[in-house]
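Colleague: The following file, work.cif, comprises mmCIF, C-alpha atoms:
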data_target
#
loop_
_atom_site.label_atom_id
_atom_site.label_comp_id
_atom_site.auth_asym_id
_atom_site.auth_seq_id
_atom_site.Cartn_x
_atom_site.Cartn_y
_atom_site.Cartn_z
CA MET A 11 68.94 -43.42 -3.66
CA GLU A 12 66.55 -41.94 -6.20
CA THR A 13 65.54 -38.31 -5.82
CA PRO A 14 62.19 -38.33 -4.00
CA PHE A 15 59.11 -36.58 -5.35
CA THR A 16 58.39 -33.22 -3.75
CA GLN A 17 55.09 -32.43 -5.51
CA LEU A 18 51.94 -34.51 -5.69
CA SER A 19 51.09 -34.21 -9.38
CA PRO A 20 54.28 -35.85 -10.74
CA LEU A 21 53.97 -38.56 -8.09
CA VAL A 22 50.42 -39.59 -9.00
CA GLN A 23 51.27 -39.44 -12.71
CA ALA A 24 54.15 -41.85 -12.13
CA LEU A 25 51.94 -44.13 -10.02
CA ALA A 26 49.21 -44.12 -12.67
CA GLN A 27 51.71 -45.06 -15.33
CA GLY A 28 53.05 -47.90 -13.21
CA LEU A 29 49.54 -49.19 -12.55
CA ALA A 30 48.45 -48.99 -16.19
CA PRO A 31 48.83 -52.78 -16.80
CA LEU A 32 46.35 -53.45 -13.96
CA MET A 33 43.55 -51.26 -15.28
CA ASP A 34 41.61 -54.27 -16.57
CA GLN A 35 41.06 -55.41 -12.96
CA SER A 36 38.82 -54.17 -10.20
CA PHE A 37 40.82 -52.56 -7.41
CA ALA A 38 40.52 -50.60 -4.19
CA VAL A 39 42.85 -47.95 -2.79
CA PHE A 40 43.91 -47.46 0.83
CA GLY A 41 45.87 -44.51 2.19
CA HIS A 42 46.85 -43.37 5.67
CA GLY A 43 47.89 -39.77 6.41
CA LEU A 44 49.64 -38.40 3.34
CA GLY A 45 48.77 -41.69 1.67
CA ALA A 46 45.07 -40.79 1.84
CA LEU A 47 45.71 -37.65 -0.18
CA VAL A 48 47.89 -39.58 -2.65
CA GLY A 49 45.21 -42.25 -3.02
CA PHE A 50 42.51 -39.65 -3.65
CA GLU A 51 44.48 -37.80 -6.31
CA LEU A 52 45.56 -41.11 -7.87
CA ALA A 53 41.89 -42.10 -8.21
CA ARG A 54 41.19 -38.82 -9.98
CA GLN A 55 44.27 -39.23 -12.21
CA LEU A 56 43.20 -42.75 -13.21
CA ARG A 57 39.76 -41.42 -14.08
CA ARG A 58 41.24 -38.67 -16.25
CA GLN A 59 43.89 -40.85 -17.89
CA PHE A 60 42.15 -44.22 -18.33
CA GLY A 61 38.48 -43.57 -17.63
CA VAL A 62 38.48 -46.02 -14.72
CA GLN A 63 38.03 -45.60 -10.99
CA PRO A 64 38.61 -47.81 -7.97
CA VAL A 65 35.65 -49.67 -6.58
CA GLY A 66 36.44 -48.10 -3.25
CA LEU A 67 38.71 -45.54 -1.62
CA PHE A 68 39.77 -46.00 2.02
CA VAL A 69 41.06 -42.78 3.57
CA SER A 70 42.66 -42.87 6.99
CA ALA A 71 43.82 -40.11 9.36
CA ASP A 72 43.71 -37.20 6.95
CA ARG A 73 41.46 -34.21 6.48
CA ALA A 74 39.31 -34.04 3.36
CA PRO A 75 41.34 -32.42 0.57
CA GLN A 76 39.01 -29.45 0.08
CA LEU A 77 39.57 -28.27 3.67
CA PRO A 78 42.29 -25.65 4.28
CA ARG A 79 45.48 -26.94 5.88
CA ARG A 80 45.98 -25.76 9.46
CA ASP A 81 49.54 -26.82 10.27
CA ARG A 82 52.44 -24.49 9.57
CA PRO A 83 54.81 -25.73 6.85
CA ILE A 84 57.91 -27.46 8.19
CA HIS A 85 59.56 -29.10 5.15
CA ALA A 86 62.03 -26.20 4.64
CA LEU A 87 62.97 -25.68 8.30
CA PRO A 88 66.63 -25.86 9.36
CA GLU A 89 67.59 -29.39 10.36
CA ALA A 90 67.51 -28.81 14.12
CA GLU A 91 64.02 -27.29 13.99
CA PHE A 92 62.81 -29.96 11.59
CA LEU A 93 63.94 -32.69 13.98
CA VAL A 94 62.11 -30.97 16.85
CA GLU A 95 58.91 -31.07 14.79
CA LEU A 96 59.41 -34.73 13.94
CA ARG A 97 59.72 -35.54 17.64
CA ARG A 98 56.58 -33.53 18.39
CA LEU A 99 54.59 -35.41 15.77
CA ASN A 100 55.57 -38.69 17.44
CA GLY A 101 55.42 -40.76 14.27
CA ILE A 102 59.00 -42.04 14.21
CA PRO A 103 60.43 -44.35 16.89
CA ARG A 104 62.77 -42.57 19.30
CA LYS A 105 65.53 -45.08 18.58
CA VAL A 106 65.43 -44.08 14.90
CA LEU A 107 65.38 -40.36 15.68
CA GLU A 108 68.46 -40.75 17.86
CA ASP A 109 70.42 -42.63 15.20
CA GLU A 110 72.23 -39.83 13.38
CA GLU A 111 73.43 -42.03 10.53
CA VAL A 112 69.95 -43.35 9.80
CA MET A 113 68.38 -39.91 10.06
CA GLN A 114 70.81 -38.44 7.54
CA ILE A 115 69.48 -40.99 5.06
CA MET A 116 65.85 -40.41 6.01
CA LEU A 117 65.77 -36.63 6.26
CA PRO A 118 65.61 -35.92 2.50
CA VAL A 119 62.75 -38.39 2.13
CA LEU A 120 60.88 -36.96 5.10
CA ARG A 121 61.32 -33.40 3.86
CA ALA A 122 60.05 -34.47 0.45
CA ASP A 123 56.94 -36.06 1.97
CA PHE A 124 56.12 -32.97 3.97
CA ALA A 125 56.73 -30.86 0.87
CA ILE A 126 54.20 -32.96 -1.08
CA TYR A 127 51.60 -32.45 1.62
CA GLU A 128 52.30 -28.80 2.36
CA THR A 129 52.43 -27.57 -1.24
CA TYR A 130 49.28 -29.42 -2.36
CA LEU A 131 46.60 -27.27 -3.96
CA TYR A 132 43.12 -28.72 -4.23
CA SER A 133 41.21 -28.30 -7.49
CA THR A 134 37.49 -28.95 -7.85
CA GLU A 135 36.36 -31.89 -9.99
CA HIS A 136 33.25 -34.05 -10.13
CA PRO A 137 32.99 -36.36 -7.10
CA LEU A 138 34.32 -39.88 -7.51
CA ASN A 139 31.80 -42.56 -8.39
CA CYS A 140 33.07 -45.08 -5.83
CA PHE A 141 32.43 -45.62 -2.15
CA ILE A 142 34.68 -43.79 0.29
CA SER A 143 35.32 -45.19 3.76
CA GLY A 144 36.99 -42.94 6.31
CA PHE A 145 38.99 -44.13 9.33
CA GLY A 146 40.21 -42.07 12.26
CA GLY A 147 41.72 -42.28 15.73
CA LEU A 148 39.55 -41.32 18.69
CA ARG A 149 42.50 -39.52 20.33
CA ASP A 150 43.88 -37.95 17.17
CA GLN A 151 44.69 -34.29 17.95
CA ARG A 152 45.49 -33.48 14.31
CA VAL A 153 42.50 -34.85 12.39
CA SER A 154 39.01 -34.51 13.86
CA ARG A 155 35.87 -36.49 13.16
CA GLY A 156 34.53 -33.47 11.29
CA ASP A 157 37.66 -33.37 9.11
CA LEU A 158 36.99 -36.99 8.15
CA GLU A 159 33.25 -36.48 7.66
CA ALA A 160 34.05 -33.88 4.99
CA TRP A 161 35.31 -36.67 2.71
CA ARG A 162 31.61 -37.34 2.10
CA ASP A 163 31.61 -34.49 -0.43
CA GLN A 164 34.15 -36.31 -2.62
CA THR A 165 31.87 -39.18 -3.65
CA SER A 166 28.56 -39.53 -5.43
CA ALA A 167 28.32 -43.06 -4.02
CA SER A 168 28.20 -44.16 -0.38
CA PHE A 169 30.32 -42.85 2.48
CA SER A 170 31.04 -44.38 5.88
CA LEU A 171 33.23 -43.43 8.83
CA ARG A 172 34.76 -45.67 11.48
CA MET A 173 36.72 -44.42 14.50
CA PHE A 174 39.36 -46.60 16.17
CA PRO A 175 41.09 -46.51 19.56
CA GLY A 176 44.33 -44.56 19.38
CA ASP A 177 45.87 -41.33 18.14
CA HIS A 178 46.94 -40.19 14.67
CA PHE A 179 49.01 -43.35 14.28
CA PHE A 180 46.28 -45.77 15.38
CA LEU A 181 47.28 -47.76 12.29
CA ASN A 182 50.27 -49.08 14.24
CA THR A 183 48.25 -50.39 17.18
CA THR A 184 44.97 -51.59 15.63
CA GLN A 185 46.19 -53.32 12.47
CA GLN A 186 44.24 -56.56 12.89
CA LEU A 187 41.00 -54.74 13.66
CA LEU A 188 41.54 -52.41 10.72
CA LEU A 189 42.20 -55.35 8.39
CA GLN A 190 38.97 -56.99 9.52
CA VAL A 191 37.04 -53.80 8.78
CA LEU A 192 38.66 -53.46 5.35
CA SER A 193 37.66 -57.03 4.47
CA GLN A 194 34.10 -56.43 5.69
CA GLU A 195 33.80 -53.21 3.69
CA LEU A 196 34.94 -54.90 0.49
CA ARG A 197 32.62 -57.88 0.97
CA ARG A 198 29.72 -55.55 1.81
CA ASP A 199 30.01 -54.16 -1.72
CA GLY A 200 30.18 -57.63 -3.25
CA LEU A 201 33.95 -57.71 -3.62
CA GLU A 202 35.92 -60.71 -2.44
CA PRO A 203 39.57 -59.96 -1.53
CA PRO A 204 41.95 -62.22 -3.49
CA HIS A 205 43.43 -63.49 -0.21
CA GLU A 206 43.20 -62.94 3.51
CA LEU A 207 44.31 -59.34 4.05
CA SER A 208 47.56 -58.85 5.96
CA THR A 209 49.67 -55.97 7.20
CA HIS A 210 51.43 -56.04 3.81
CA ASP A 211 48.21 -54.78 2.24
CA LEU A 212 48.41 -51.66 4.40
CA SER A 213 51.83 -50.74 3.02
CA CYS A 214 52.09 -51.89 -0.58
CA PHE A 215 53.80 -48.59 -1.22
CA SER A 216 55.37 -46.97 1.86
CA LEU A 217 55.73 -43.25 1.27
CA ALA A 218 57.30 -42.36 4.57
CA PRO A 219 57.84 -43.85 8.00
CA SER A 220 56.20 -40.82 9.61
CA THR A 221 53.60 -39.38 7.31
CA GLY A 222 51.71 -42.16 5.69
CA ASN A 223 51.15 -45.40 3.85
CA PHE A 224 49.49 -45.82 0.50
CA GLY A 225 48.45 -48.99 -1.25
CA VAL A 226 46.57 -50.25 -4.27
CA ARG A 227 45.33 -53.80 -4.14
CA PRO A 228 43.72 -55.49 -7.15
CA ARG A 229 40.60 -57.46 -6.48
#
Show me, as structure tokens, the structure contained in the file I just sent.
Modeller:
Amino acid sequence: METPFTQLSPLVQALAQGLAPLMDQSFAVFGHGLGALVGFELARQLRRQFGVQPVGLFVSADRAPQLPRRDRPIHALPEAEFLVELRRLNGIPRKVLEDEEVMQIMLPVLRADFAIYETYLYSTEHPLNCFISGFGGLRDQRVSRGDLEAWRDQTSASFSLRMFPGDHFFLNTTQQLLLQVLSQELRRDGLEPPHELSTHDLSCFSLAPSTGNFGVRPR
């Protein structure tokens, strides 16, 4: 298994390089949890590196990047304590958590994902010139409506917010509804998805089973 990224900057640089051949197409970015932060910084990296931006950025279940992080860091905790925190976050199926062999494979990846999120330092740049749509769970105890509203400051274009039934992982229980909203948002801005959106479009790049999904989909 390749060594996972533990910092955001090298990750988005690698993603931007991999996406370079697609920069002649219109595209939108979707990210859930950590994926929202990755998608945001990727959009800024693409602007710096290629002078292009997505037509839209969909950010789901994450606080706006300029807000201070509230949760205590856990990526460097001893294994027993780290597992306790994973159970508390309730993002990984219990069957997986109880499978010691599987967890020994996953733990380095999970630690790396939390390290990316917990060591991130926001830097001020001009707002993106693309629409931002925020999504949240009505019962999310980690990310509030106000946390999502603050994404408004990251765009000079339009901003919208939609709340869904469910907690922080509402993505797992409202996929079809979310896909419908994504299609509507794209069409509202005159963009026609290349095909009927599916659950695959929510996880083009899966960064972690627990912390988030991130995807880039060309128009």
Colleague: Distance CA of Asp177 in chain A-CA of Leu148 in chain A, one decimal place?
Modeller: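 Atom-to-atom, CA of Asp177 in chain A to CA of Leu148 in chain A, that is 6.3 Å.
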Colleague: Convert the output of the PyMOL selection byres ((chain A and resi 38) around 6) on the shown file into explicit residues, formatted as an NGL selection string.
Modeller: :A and (37 or 39 or 64-67 or 227)
Colleague: Give me the result of the PyMOL selection byres ((chain A and resi 44-61) around 8) on this file, residue by residue, as a ChimeraX atom specification.
Modeller: /A:18,22-23,25-26,33,39-43,62-64,67-72,75,123,127,138,217,221-225
Colleague: Quick one: pull the distance between CA of Asp157 in chain A and CA of His178 in chain A, Å, one decimal.
Modeller: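 Result for CA of Asp157 in chain A versus CA of His178 in chain A: 12.8 Å, one decimal.
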Colleague: Quick one: distance from CA of Phe124 in chain A to CA of Asp109 in chain A in Å, one decimal?
Modeller: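 The value is 20.6 Å.
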Colleague: Could you list, as a ChimeraX atom specification, every residue matched by the PyMOL selection byres ((chain A and resi 90-100) around 12) in this structure?
Modeller: /A:81-89,101-110,113-114,116-118,120-121,124,150-152,177-180,219-221
Colleague: Export C-alpha atoms of the chosen residues as a PDB file, in the coordinates of the input?
Modeller:
ATOM      1  CA  ASP A  81      49.540 -26.820  10.270  1.00  0.00           C
ATOM      2  CA  ARG A  82      52.440 -24.490   9.570  1.00  0.00           C
ATOM      3  CA  PRO A  83      54.810 -25.730   6.850  1.00  0.00           C
ATOM      4  CA  ILE A  84      57.910 -27.460   8.190  1.00  0.00           C
ATOM      5  CA  HIS A  85      59.560 -29.100   5.150  1.00  0.00           C
ATOM      6  CA  ALA A  86      62.030 -26.200   4.640  1.00  0.00           C
ATOM      7  CA  LEU A  87      62.970 -25.680   8.300  1.00  0.00           C
ATOM      8  CA  PRO A  88      66.630 -25.860   9.360  1.00  0.00           C
ATOM      9  CA  GLU A  89      67.590 -29.390  10.360  1.00  0.00           C
ATOM     10  CA  GLY A 101      55.420 -40.760  14.270  1.00  0.00           C
ATOM     11  CA  ILE A 102      59.000 -42.040  14.210  1.00  0.00           C
ATOM     12  CA  PRO A 103      60.430 -44.350  16.890  1.00  0.00           C
ATOM     13  CA  ARG A 104      62.770 -42.570  19.300  1.00  0.00           C
ATOM     14  CA  LYS A 105      65.530 -45.080  18.580  1.00  0.00           C
ATOM     15  CA  VAL A 106      65.430 -44.080  14.900  1.00  0.00           C
ATOM     16  CA  LEU A 107      65.380 -40.360  15.680  1.00  0.00           C
ATOM     17  CA  GLU A 108      68.460 -40.750  17.860  1.00  0.00           C
ATOM     18  CA  ASP A 109      70.420 -42.630  15.200  1.00  0.00           C
ATOM     19  CA  GLU A 110      72.230 -39.830  13.380  1.00  0.00           C
ATOM     20  CA  MET A 113      68.380 -39.910  10.060  1.00  0.00           C
ATOM     21  CA  GLN A 114      70.810 -38.440   7.540  1.00  0.00           C
ATOM     22  CA  MET A 116      65.850 -40.410   6.010  1.00  0.00           C
ATOM     23  CA  LEU A 117      65.770 -36.630   6.260  1.00  0.00           C
ATOM     24  CA  PRO A 118      65.610 -35.920   2.500  1.00  0.00           C
ATOM     25  CA  LEU A 120      60.880 -36.960   5.100  1.00  0.00           C
ATOM     26  CA  ARG A 121      61.320 -33.400   3.860  1.00  0.00           C
ATOM     27  CA  PHE A 124      56.120 -32.970   3.970  1.00  0.00           C
ATOM     28  CA  ASP A 150      43.880 -37.950  17.170  1.00  0.00           C
ATOM     29  CA  GLN A 151      44.690 -34.290  17.950  1.00  0.00           C
ATOM     30  CA  ARG A 152      45.490 -33.480  14.310  1.00  0.00           C
ATOM     31  CA  ASP A 177      45.870 -41.330  18.140  1.00  0.00           C
ATOM     32  CA  HIS A 178      46.940 -40.190  14.670  1.00  0.00           C
ATOM     33  CA  PHE A 179      49.010 -43.350  14.280  1.00  0.00           C
ATOM     34  CA  PHE A 180      46.280 -45.770  15.380  1.00  0.00           C
ATOM     35  CA  PRO A 219      57.840 -43.850   8.000  1.00  0.00           C
ATOM     36  CA  SER A 220      56.200 -40.820   9.610  1.00  0.00           C
ATOM     37  CA  THR A 221      53.600 -39.380   7.310  1.00  0.00           C
TER      38      THR A 221
END
Colleague: Given the point (43.1, -47.7, 9.0) in the coordinates of this file, which residues lie within 6 Å, counting only C-alpha atoms, and how would they look as a compact mmCIF listing (two decimals) with C-alpha atoms, keeping the file's coordinate frame?
Modeller:
# COMPACT_ATOMS: atom_id res chain seq x y z
CA SER A 70 42.66 -42.87 6.99
CA PHE A 145 38.99 -44.13 9.33
CA LEU A 181 47.28 -47.76 12.29
CA LEU A 188 41.54 -52.41 10.72
Colleague: For Gln164 in chain A, which of A:Arg149, A:Arg198, A:His136, A:Arg73 is the closest residue, counting all atoms listed in the file?
Modeller: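 Of A:Arg149, A:Arg198, A:His136, A:Arg73, the one nearest Gln164 in chain A, counting all atoms listed in the file, is A:His136.
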